[in-house]
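Shown next: start.json, given as JSON, C-alpha atoms.
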```
[["chain", "number", "residue", "atom", "x", "y", "z"],
["A", 1, "MET", "CA", -3.07, 14.20, 40.45],
["A", 2, "SER", "CA", -6.45, 15.11, 41.88],
["A", 3, "GLU", "CA", -7.68, 13.45, 45.03],
["A", 4, "ASN", "CA", -11.15, 12.07, 45.53],
["A", 5, "HIS", "CA", -11.95, 11.62, 49.19],
["A", 6, "ALA", "CA", -15.67, 10.97, 48.73],
["A", 7, "SER", "CA", -16.73, 7.43, 49.57],
["A", 8, "PRO", "CA", -18.84, 5.56, 46.98],
["A", 9, "SER", "CA", -22.57, 5.93, 47.56],
["A", 10, "ALA", "CA", -24.48, 2.81, 48.57],
["A", 11, "PRO", "CA", -26.71, 1.27, 45.87],
["A", 12, "ALA", "CA", -30.45, 1.64, 46.29],
["A", 13, "THR", "CA", -32.26, -1.39, 47.70],
["A", 14, "ALA", "CA", -34.79, -3.30, 45.65],
["A", 15, "GLY", "CA", -37.58, -1.76, 47.69],
["A", 16, "GLU", "CA", -36.31, 1.78, 47.09],
["A", 17, "GLN", "CA", -36.01, 1.17, 43.34],
["A", 18, "SER", "CA", -39.58, -0.17, 43.06],
["A", 19, "GLY", "CA", -41.16, 2.38, 45.37],
["A", 20, "ALA", "CA", -42.06, -0.27, 48.01],
["A", 21, "PRO", "CA", -41.95, 0.70, 51.69],
["A", 22, "ALA", "CA", -38.49, 0.48, 53.20],
["A", 23, "ALA", "CA", -39.66, -2.04, 55.77],
["A", 24, "GLU", "CA", -40.47, -4.49, 52.99],
["A", 25, "ALA", "CA", -36.86, -4.41, 51.79],
["A", 26, "THR", "CA", -35.73, -6.05, 55.04],
["A", 27, "THR", "CA", -37.33, -9.35, 54.11],
["A", 28, "ALA", "CA", -34.21, -10.59, 52.27],
["A", 29, "SER", "CA", -32.72, -13.88, 53.47],
["A", 30, "PRO", "CA", -29.83, -13.76, 55.99],
["A", 31, "ALA", "CA", -27.50, -15.40, 53.44],
["A", 32, "ALA", "CA", -28.28, -12.76, 50.81],
["A", 33, "ALA", "CA", -27.81, -9.97, 53.32],
["A", 34, "SER", "CA", -24.50, -11.41, 54.45],
["A", 35, "SER", "CA", -23.26, -11.71, 50.85],
["A", 36, "ALA", "CA", -24.27, -8.14, 50.05],
["A", 37, "ALA", "CA", -22.53, -6.87, 53.16],
["A", 38, "ALA", "CA", -19.33, -8.73, 52.26],
["A", 39, "SER", "CA", -19.37, -7.33, 48.72],
["A", 40, "SER", "CA", -19.92, -3.82, 50.03],
["A", 41, "ALA", "CA", -17.07, -4.17, 52.52],
["A", 42, "ALA", "CA", -14.70, -5.45, 49.83],
["A", 43, "ALA", "CA", -15.59, -2.57, 47.52],
["A", 44, "SER", "CA", -15.08, -0.04, 50.30],
["A", 45, "SER", "CA", -11.71, -1.58, 51.20],
["A", 46, "ALA", "CA", -10.52, -1.44, 47.59],
["A", 47, "ALA", "CA", -11.66, 2.17, 47.25],
["A", 48, "ALA", "CA", -9.91, 3.08, 50.47],
["A", 49, "GLN", "CA", -6.67, 1.47, 49.30],
["A", 50, "GLN", "CA", -6.86, 3.40, 46.01],
["A", 51, "ALA", "CA", -7.48, 6.65, 47.85],
["A", 52, "ARG", "CA", -4.56, 6.03, 50.19],
["A", 53, "GLY", "CA", -2.36, 5.31, 47.16],
["A", 54, "ARG", "CA", -3.32, 8.62, 45.63],
["A", 55, "ARG", "CA", -2.88, 10.59, 48.83],
["A", 56, "GLU", "CA", 0.32, 8.96, 50.02],
["A", 57, "PRO", "CA", 2.92, 8.51, 47.23],
["A", 58, "MET", "CA", 5.80, 6.22, 48.10],
["A", 59, "PHE", "CA", 8.35, 8.97, 47.34],
["A", 60, "PRO", "CA", 6.68, 12.35, 48.02],
["A", 61, "ASP", "CA", 9.72, 14.28, 46.77],
["A", 62, "GLY", "CA", 10.63, 11.72, 44.11],
["A", 63, "PRO", "CA", 9.45, 10.86, 40.59],
["A", 64, "ALA", "CA", 5.75, 11.46, 39.96],
["A", 65, "PRO", "CA", 3.58, 8.56, 38.68],
["A", 66, "ASP", "CA", 2.35, 10.57, 35.66],
["A", 67, "PRO", "CA", 4.22, 13.87, 35.55],
["A", 68, "ALA", "CA", 2.60, 15.23, 32.39],
["A", 69, "GLY", "CA", -0.88, 14.35, 33.66],
["A", 70, "SER", "CA", -3.58, 15.83, 31.46],
["A", 71, "HIS", "CA", -1.41, 18.70, 30.20],
["A", 72, "HIS", "CA", -0.80, 16.97, 26.88],
["A", 73, "GLU", "CA", -2.82, 14.81, 24.56],
["A", 74, "ARG", "CA", -2.81, 11.07, 24.96],
["A", 75, "ARG", "CA", -1.20, 9.15, 22.12],
["A", 76, "ILE", "CA", 0.16, 5.73, 21.29],
["A", 77, "ARG", "CA", 3.15, 5.27, 23.58],
["A", 78, "SER", "CA", 6.33, 3.39, 22.78],
["A", 79, "PHE", "CA", 6.80, 2.27, 26.38],
["A", 80, "GLN", "CA", 4.99, 0.55, 29.21],
["A", 81, "PRO", "CA", 5.84, 1.45, 32.83],
["A", 82, "ARG", "CA", 7.18, -1.65, 34.57],
["A", 83, "ARG", "CA", 6.11, -2.31, 38.11],
["A", 84, "SER", "CA", 8.72, -4.01, 40.27],
["A", 85, "ARG", "CA", 9.98, -3.80, 43.81],
["A", 86, "VAL", "CA", 12.13, -0.85, 44.82],
["A", 87, "THR", "CA", 14.96, -2.01, 47.09],
["A", 88, "THR", "CA", 15.87, -0.20, 50.27],
["A", 89, "GLY", "CA", 18.99, 1.28, 48.67],
["A", 90, "GLN", "CA", 17.13, 2.44, 45.57],
["A", 91, "GLY", "CA", 14.40, 4.00, 47.68],
["A", 92, "GLU", "CA", 16.91, 5.81, 49.85],
["A", 93, "ALA", "CA", 18.65, 7.17, 46.74],
["A", 94, "LEU", "CA", 15.34, 8.43, 45.36],
["A", 95, "ARG", "CA", 14.46, 10.18, 48.61],
["A", 96, "ARG", "CA", 17.82, 11.88, 49.01],
["A", 97, "LEU", "CA", 18.98, 12.51, 45.45],
["A", 98, "TRP", "CA", 15.87, 13.09, 43.36],
["A", 99, "PRO", "CA", 15.51, 16.74, 44.47],
["A", 100, "LYS", "CA", 19.16, 17.26, 43.45],
["A", 101, "TRP", "CA", 19.55, 15.23, 40.25],
["A", 102, "GLY", "CA", 16.04, 14.23, 39.16],
["A", 103, "LEU", "CA", 13.33, 15.97, 37.18],
["A", 104, "ASP", "CA", 9.78, 15.16, 36.15],
["A", 105, "ILE", "CA", 8.81, 15.56, 32.51],
["A", 106, "ASP", "CA", 5.69, 17.67, 32.98],
["A", 107, "GLY", "CA", 5.91, 19.53, 29.69],
["A", 108, "LEU", "CA", 5.12, 22.86, 31.34],
["A", 109, "SER", "CA", 8.37, 24.78, 30.83],
["A", 110, "LYS", "CA", 11.57, 24.82, 28.80],
["A", 111, "LEU", "CA", 14.69, 23.25, 30.26],
["A", 112, "ASP", "CA", 17.89, 25.23, 30.57],
["A", 113, "LEU", "CA", 20.41, 22.40, 30.26],
["A", 114, "GLY", "CA", 23.29, 24.65, 31.29],
["A", 115, "GLU", "CA", 21.48, 25.46, 34.52],
["A", 116, "LEU", "CA", 20.41, 21.84, 35.03],
["A", 117, "PHE", "CA", 24.00, 20.59, 34.85],
["A", 118, "GLY", "CA", 25.59, 23.66, 36.38],
["A", 119, "ASP", "CA", 27.73, 24.34, 33.31],
["A", 120, "PRO", "CA", 26.43, 26.28, 30.29],
["A", 121, "GLU", "CA", 29.30, 24.98, 28.13],
["A", 122, "LEU", "CA", 28.75, 21.28, 28.87],
["A", 123, "PRO", "CA", 27.56, 19.28, 25.84],
["A", 124, "VAL", "CA", 24.54, 17.17, 26.78],
["A", 125, "VAL", "CA", 23.44, 13.82, 25.37],
["A", 126, "LEU", "CA", 19.91, 12.49, 25.84],
["A", 127, "GLU", "CA", 19.61, 8.77, 26.58],
["A", 128, "ILE", "CA", 16.12, 7.33, 26.16],
["A", 129, "GLY", "CA", 15.64, 4.20, 28.25],
["A", 130, "PHE", "CA", 18.49, 3.20, 30.53],
["A", 131, "GLY", "CA", 17.24, 0.12, 32.37],
["A", 132, "MET", "CA", 19.07, -0.17, 35.68],
["A", 133, "GLY", "CA", 21.61, 2.47, 34.69],
["A", 134, "GLU", "CA", 24.85, 0.46, 34.81],
["A", 135, "ALA", "CA", 25.84, 1.32, 31.23],
["A", 136, "THR", "CA", 24.85, 4.96, 31.71],
["A", 137, "ALA", "CA", 27.04, 5.24, 34.80],
["A", 138, "LYS", "CA", 29.99, 3.68, 32.95],
["A", 139, "MET", "CA", 29.63, 6.10, 30.04],
["A", 140, "ALA", "CA", 29.37, 9.06, 32.40],
["A", 141, "ALA", "CA", 32.51, 7.97, 34.25],
["A", 142, "ALA", "CA", 34.44, 7.47, 31.02],
["A", 143, "ASP", "CA", 33.43, 10.88, 29.64],
["A", 144, "PRO", "CA", 33.05, 13.42, 32.47],
["A", 145, "GLY", "CA", 33.11, 16.24, 29.93],
["A", 146, "THR", "CA", 29.68, 15.24, 28.60],
["A", 147, "GLY", "CA", 26.41, 15.52, 30.48],
["A", 148, "ILE", "CA", 23.94, 12.64, 30.22],
["A", 149, "LEU", "CA", 20.24, 13.36, 30.58],
["A", 150, "ALA", "CA", 18.92, 9.83, 31.16],
["A", 151, "CYS", "CA", 15.18, 9.35, 30.62],
["A", 152, "ASP", "CA", 13.13, 6.38, 31.81],
["A", 153, "VAL", "CA", 9.92, 5.51, 33.68],
["A", 154, "HIS", "CA", 11.26, 2.52, 35.65],
["A", 155, "THR", "CA", 11.38, 3.61, 39.29],
["A", 156, "PRO", "CA", 13.88, 0.98, 40.52],
["A", 157, "GLY", "CA", 16.21, 1.87, 37.65],
["A", 158, "GLN", "CA", 15.92, 5.56, 38.45],
["A", 159, "GLY", "CA", 16.91, 4.90, 42.06],
["A", 160, "ASN", "CA", 19.72, 2.57, 41.01],
["A", 161, "LEU", "CA", 21.24, 5.09, 38.60],
["A", 162, "LEU", "CA", 21.09, 7.87, 41.20],
["A", 163, "GLY", "CA", 22.87, 5.61, 43.67],
["A", 164, "LEU", "CA", 25.53, 4.68, 41.12],
["A", 165, "ALA", "CA", 26.10, 8.34, 40.29],
["A", 166, "GLU", "CA", 26.61, 9.23, 43.95],
["A", 167, "ARG", "CA", 28.88, 6.30, 44.76],
["A", 168, "ASN", "CA", 31.06, 6.99, 41.73],
["A", 169, "GLY", "CA", 31.15, 10.77, 42.09],
["A", 170, "LEU", "CA", 29.35, 11.39, 38.81],
["A", 171, "ASP", "CA", 27.97, 14.91, 38.73],
["A", 172, "ASN", "CA", 27.34, 14.76, 34.96],
["A", 173, "VAL", "CA", 24.21, 12.60, 35.19],
["A", 174, "ARG", "CA", 20.62, 13.81, 35.51],
["A", 175, "VAL", "CA", 17.61, 11.50, 35.61],
["A", 176, "ALA", "CA", 14.37, 12.45, 33.84],
["A", 177, "ASN", "CA", 11.09, 10.70, 34.65],
["A", 178, "GLY", "CA", 8.35, 10.45, 32.04],
["A", 179, "ASP", "CA", 7.65, 10.48, 28.32],
["A", 180, "ALA", "CA", 10.69, 11.30, 26.18],
["A", 181, "ILE", "CA", 8.44, 12.59, 23.39],
["A", 182, "ILE", "CA", 7.05, 15.29, 25.69],
["A", 183, "LEU", "CA", 10.59, 16.07, 26.84],
["A", 184, "LEU", "CA", 11.75, 16.57, 23.26],
["A", 185, "ARG", "CA", 8.69, 18.40, 22.02],
["A", 186, "GLU", "CA", 7.81, 20.63, 24.96],
["A", 187, "MET", "CA", 10.89, 21.04, 27.15],
["A", 188, "LEU", "CA", 14.05, 21.01, 25.02],
["A", 189, "VAL", "CA", 14.97, 23.93, 22.80],
["A", 190, "PRO", "CA", 16.27, 23.59, 19.22],
["A", 191, "ASP", "CA", 19.88, 22.46, 18.72],
["A", 192, "SER", "CA", 20.33, 21.82, 22.46],
["A", 193, "LEU", "CA", 21.51, 18.21, 22.28],
["A", 194, "ALA", "CA", 25.00, 17.02, 21.40],
["A", 195, "GLY", "CA", 23.73, 13.48, 20.90],
["A", 196, "LEU", "CA", 20.85, 11.04, 21.29],
["A", 197, "ARG", "CA", 21.17, 7.44, 22.48],
["A", 198, "VAL", "CA", 18.49, 4.77, 22.20],
["A", 199, "TYR", "CA", 19.80, 1.42, 23.39],
["A", 200, "PHE", "CA", 17.68, -1.73, 23.25],
["A", 201, "PRO", "CA", 14.24, -0.12, 23.01],
["A", 202, "ASP", "CA", 11.17, -2.32, 23.25],
["A", 203, "PRO", "CA", 10.98, -4.13, 19.86],
["A", 204, "TRP", "CA", 7.20, -4.62, 20.04],
["A", 205, "PRO", "CA", 7.54, -7.83, 18.03],
["A", 206, "LYS", "CA", 3.86, -8.38, 17.18],
["A", 207, "LYS", "CA", 2.90, -6.81, 13.87],
["A", 208, "ARG", "CA", -0.12, -5.03, 15.31],
["A", 209, "HIS", "CA", 2.20, -3.34, 17.83],
["A", 210, "HIS", "CA", 4.81, -2.08, 15.33],
["A", 211, "LYS", "CA", 3.18, 1.36, 15.50],
["A", 212, "ARG", "CA", 4.45, 1.56, 19.09],
["A", 213, "ARG", "CA", 8.11, 1.30, 18.10],
["A", 214, "LEU", "CA", 10.04, 4.42, 18.97],
["A", 215, "ILE", "CA", 12.20, 4.74, 15.85],
["A", 216, "GLN", "CA", 9.67, 6.09, 13.35],
["A", 217, "PRO", "CA", 9.87, 8.93, 10.79],
["A", 218, "GLU", "CA", 7.84, 11.27, 13.05],
["A", 219, "PHE", "CA", 10.15, 10.67, 16.00],
["A", 220, "LEU", "CA", 13.26, 11.30, 13.90],
["A", 221, "ALA", "CA", 11.82, 14.54, 12.53],
["A", 222, "LEU", "CA", 11.19, 15.76, 16.08],
["A", 223, "ALA", "CA", 14.57, 14.60, 17.41],
["A", 224, "ALA", "CA", 16.39, 16.33, 14.54],
["A", 225, "THR", "CA", 15.02, 19.70, 15.61],
["A", 226, "ARG", "CA", 16.55, 19.31, 19.07],
["A", 227, "MET", "CA", 19.94, 17.98, 17.93],
["A", 228, "ALA", "CA", 22.75, 20.34, 16.99],
["A", 229, "PRO", "CA", 24.35, 19.91, 13.55],
["A", 230, "GLY", "CA", 26.88, 17.09, 13.72],
["A", 231, "ALA", "CA", 25.22, 15.50, 16.79],
["A", 232, "LEU", "CA", 25.34, 11.70, 16.82],
["A", 233, "LEU", "CA", 22.23, 9.52, 16.94],
["A", 234, "HIS", "CA", 23.20, 6.09, 18.24],
["A", 235, "CYS", "CA", 20.75, 3.18, 18.34],
["A", 236, "ALA", "CA", 21.35, -0.44, 19.31],
["A", 237, "THR", "CA", 19.08, -3.48, 19.28],
["A", 238, "ASP", "CA", 19.34, -7.25, 19.40],
["A", 239, "TRP", "CA", 16.02, -7.75, 17.61],
["A", 240, "GLU", "CA", 16.88, -8.41, 13.96],
["A", 241, "PRO", "CA", 13.60, -7.25, 12.35],
["A", 242, "TYR", "CA", 13.66, -4.03, 14.38],
["A", 243, "ALA", "CA", 17.29, -3.44, 13.41],
["A", 244, "GLU", "CA", 16.33, -3.71, 9.74],
["A", 245, "GLN", "CA", 13.43, -1.29, 10.23],
["A", 246, "MET", "CA", 15.70, 1.16, 12.10],
["A", 247, "LEU", "CA", 18.21, 1.11, 9.25],
["A", 248, "GLU", "CA", 15.49, 1.63, 6.65],
["A", 249, "VAL", "CA", 13.81, 4.50, 8.50],
["A", 250, "LEU", "CA", 17.07, 6.23, 9.43],
["A", 251, "SER", "CA", 18.47, 5.92, 5.91],
["A", 252, "ALA", "CA", 15.33, 7.60, 4.56],
["A", 253, "ALA", "CA", 15.36, 10.41, 7.14],
["A", 254, "PRO", "CA", 16.36, 13.65, 5.37],
["A", 255, "ASP", "CA", 18.00, 15.16, 8.48],
["A", 256, "PHE", "CA", 20.46, 12.30, 9.15],
["A", 257, "GLU", "CA", 23.32, 10.61, 7.36],
["A", 258, "ASN", "CA", 24.90, 7.25, 8.04],
["A", 259, "THR", "CA", 28.43, 7.38, 9.42],
["A", 260, "GLN", "CA", 29.21, 4.09, 7.66],
["A", 261, "SER", "CA", 30.40, 4.43, 4.08],
["A", 262, "ASP", "CA", 28.64, 1.23, 3.05],
["A", 263, "GLY", "CA", 25.30, 2.52, 4.39],
["A", 264, "GLY", "CA", 24.94, -0.38, 6.82],
["A", 265, "PHE", "CA", 25.26, -1.16, 10.50],
["A", 266, "ALA", "CA", 28.20, 0.06, 12.57],
["A", 267, "PRO", "CA", 30.58, -1.86, 14.84],
["A", 268, "ARG", "CA", 29.87, -1.34, 18.53],
["A", 269, "PRO", "CA", 31.81, 1.81, 19.44],
["A", 270, "ASP", "CA", 34.13, 1.68, 22.42],
["A", 271, "PHE", "CA", 32.11, 4.27, 24.31],
["A", 272, "ARG", "CA", 29.06, 1.98, 24.50],
["A", 273, "PRO", "CA", 29.80, -0.56, 27.22],
["A", 274, "LEU", "CA", 28.65, -4.15, 26.96],
["A", 275, "THR", "CA", 25.68, -4.48, 29.32],
["A", 276, "ARG", "CA", 24.74, -7.51, 31.35],
["A", 277, "PHE", "CA", 21.51, -7.80, 29.36],
["A", 278, "GLU", "CA", 23.44, -7.66, 26.10],
["A", 279, "GLY", "CA", 25.93, -10.25, 27.31],
["A", 280, "GLN", "CA", 23.12, -12.66, 28.15],
["A", 281, "GLY", "CA", 21.69, -12.18, 24.66],
["A", 282, "LEU", "CA", 25.05, -12.79, 23.02],
["A", 283, "ASP", "CA", 25.41, -16.00, 25.03],
["A", 284, "LYS", "CA", 22.10, -17.12, 23.52],
["A", 285, "GLY", "CA", 23.30, -16.37, 20.00],
["A", 286, "HIS", "CA", 21.60, -13.00, 19.57],
["A", 287, "VAL", "CA", 23.17, -10.56, 17.13],
["A", 288, "VAL", "CA", 23.42, -6.95, 18.31],
["A", 289, "HIS", "CA", 23.27, -4.20, 15.70],
["A", 290, "ASP", "CA", 24.51, -0.64, 16.26],
["A", 291, "LEU", "CA", 23.41, 2.26, 14.08],
["A", 292, "LEU", "CA", 25.37, 5.52, 14.05],
["A", 293, "PHE", "CA", 23.81, 8.43, 12.17],
["A", 294, "ARG", "CA", 24.87, 12.07, 12.25],
["A", 295, "ARG", "CA", 22.61, 15.09, 12.24],
["A", 296, "LYS", "CA", 23.13, 16.97, 8.98],
["A", 297, "ALA", "CA", 23.88, 20.66, 8.95],
["A", 298, "HIS", "CA", 20.82, 22.88, 8.55]]
```
Would you put the structure from the file into structure tokens?
Amino acid sequence: MSENHASPSAPATAGEQSGAPAAEATTASPAAASSAAASSAAASSAAAQQARGRREPMFPDGPAPDPAGSHHERRIRSFQPRRSRVTTGQGEALRRLWPKWGLDIDGLSKLDLGELFGDPELPVVLEIGFGMGEATAKMAAADPGTGILACDVHTPGQGNLLGLAERNGLDNVRVANGDAIILLREMLVPDSLAGLRVYFPDPWPKKRHHKRRLIQPEFLALAATRMAPGALLHCATDWEPYAEQMLEVLSAAPDFENTQSDGGFAPRPDFRPLTRFEGQGLDKGHVVHDLLFRRKAH
């Protein structure tokens, strides 16, 4: 991100704008002069705070605020970065573990997943959106023979997952920061993924926001190119209208086939743990739908 250290220039006085002598511009009332000075000071303070924020990131060696920057075109995004407080433990995990297990999605180079995980034979699953990472850590612990590349933009969740991975000795988790579309399109090579998981994505319930939903034909066409034949695409949502749209779009996708013989939703598989968020929804009477589709052979 570029830095701008120049201070904002002061506005011209009324006398300067009209061509009147500068001395005549000093005839303003004391109250007006005091108000103008206060406004100028507030603007300078805000600009200084913004400049400090740009120059001094909270985690210099951690996740970047906008890793892809201007390298790639802007588009309608399916996510909104959430701003919330990073705890001391999460911050410490980011500082210590991000250089080891984290990566920014800058879209500038291809990822060698074998090198990233330290094992060229390790099958790797991409998880898009992992919240605070509890379910991701449980899945990684239950299946150490599979690498999980967990992608999100929520800084506290990134720190929490890194801390969970360290405390539980999970060396099969890597945390990616940024836009999953750029990761898929620019950084992953064809047939490199053994699976794709999208659990409880933002349902964007308002009709005018439906275009922001992640599970769309264009997304599935892109994801299919990065998934090996036979790779499993697993989605889950507790938003009924979104579940119906997911089923419709996935059923129409030429590169995927439903694992359920009746063409419907799937029971929750044992490998997907029940999350705290999901449990709260179930207590409120929400119905959770799982969708399990397999990548067809080329």
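With distances taken over all atoms listed in the file, A:His234 is the one residue among A:Arg185, A:Arg213, A:Arg272, A:His234 lying closest to Val198 of chain A.
For the pair atom CA of Arg85 of chain A and atom CA of Pro99 of chain A, the interatomic distance is 21.3 Å.
Put simply, atom CA of Asp61 of chain A is 8.2 Å away from atom CA of Leu94 of chain A.
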Just to confirm, what's the straight-line distance from atom CA of Val153 of chain A to atom CA of Gly178 of chain A in Å (one decimal)?
5.4 Å
With distances taken over all atoms listed in the file, which of A:Gly285, A:Pro67, A:Gly102, A:Pro203 is nearest to Ala150 of chain A?
A:Gly102
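When the distance limit is 9 Å and all atoms listed in the file are what count, the residues near Pro217 of chain A, minus those fewer than 3 positions from it on the same chain, are Leu220, Ala221, Leu222, Val249, Leu250, Ala252 and Ala253 of chain A.
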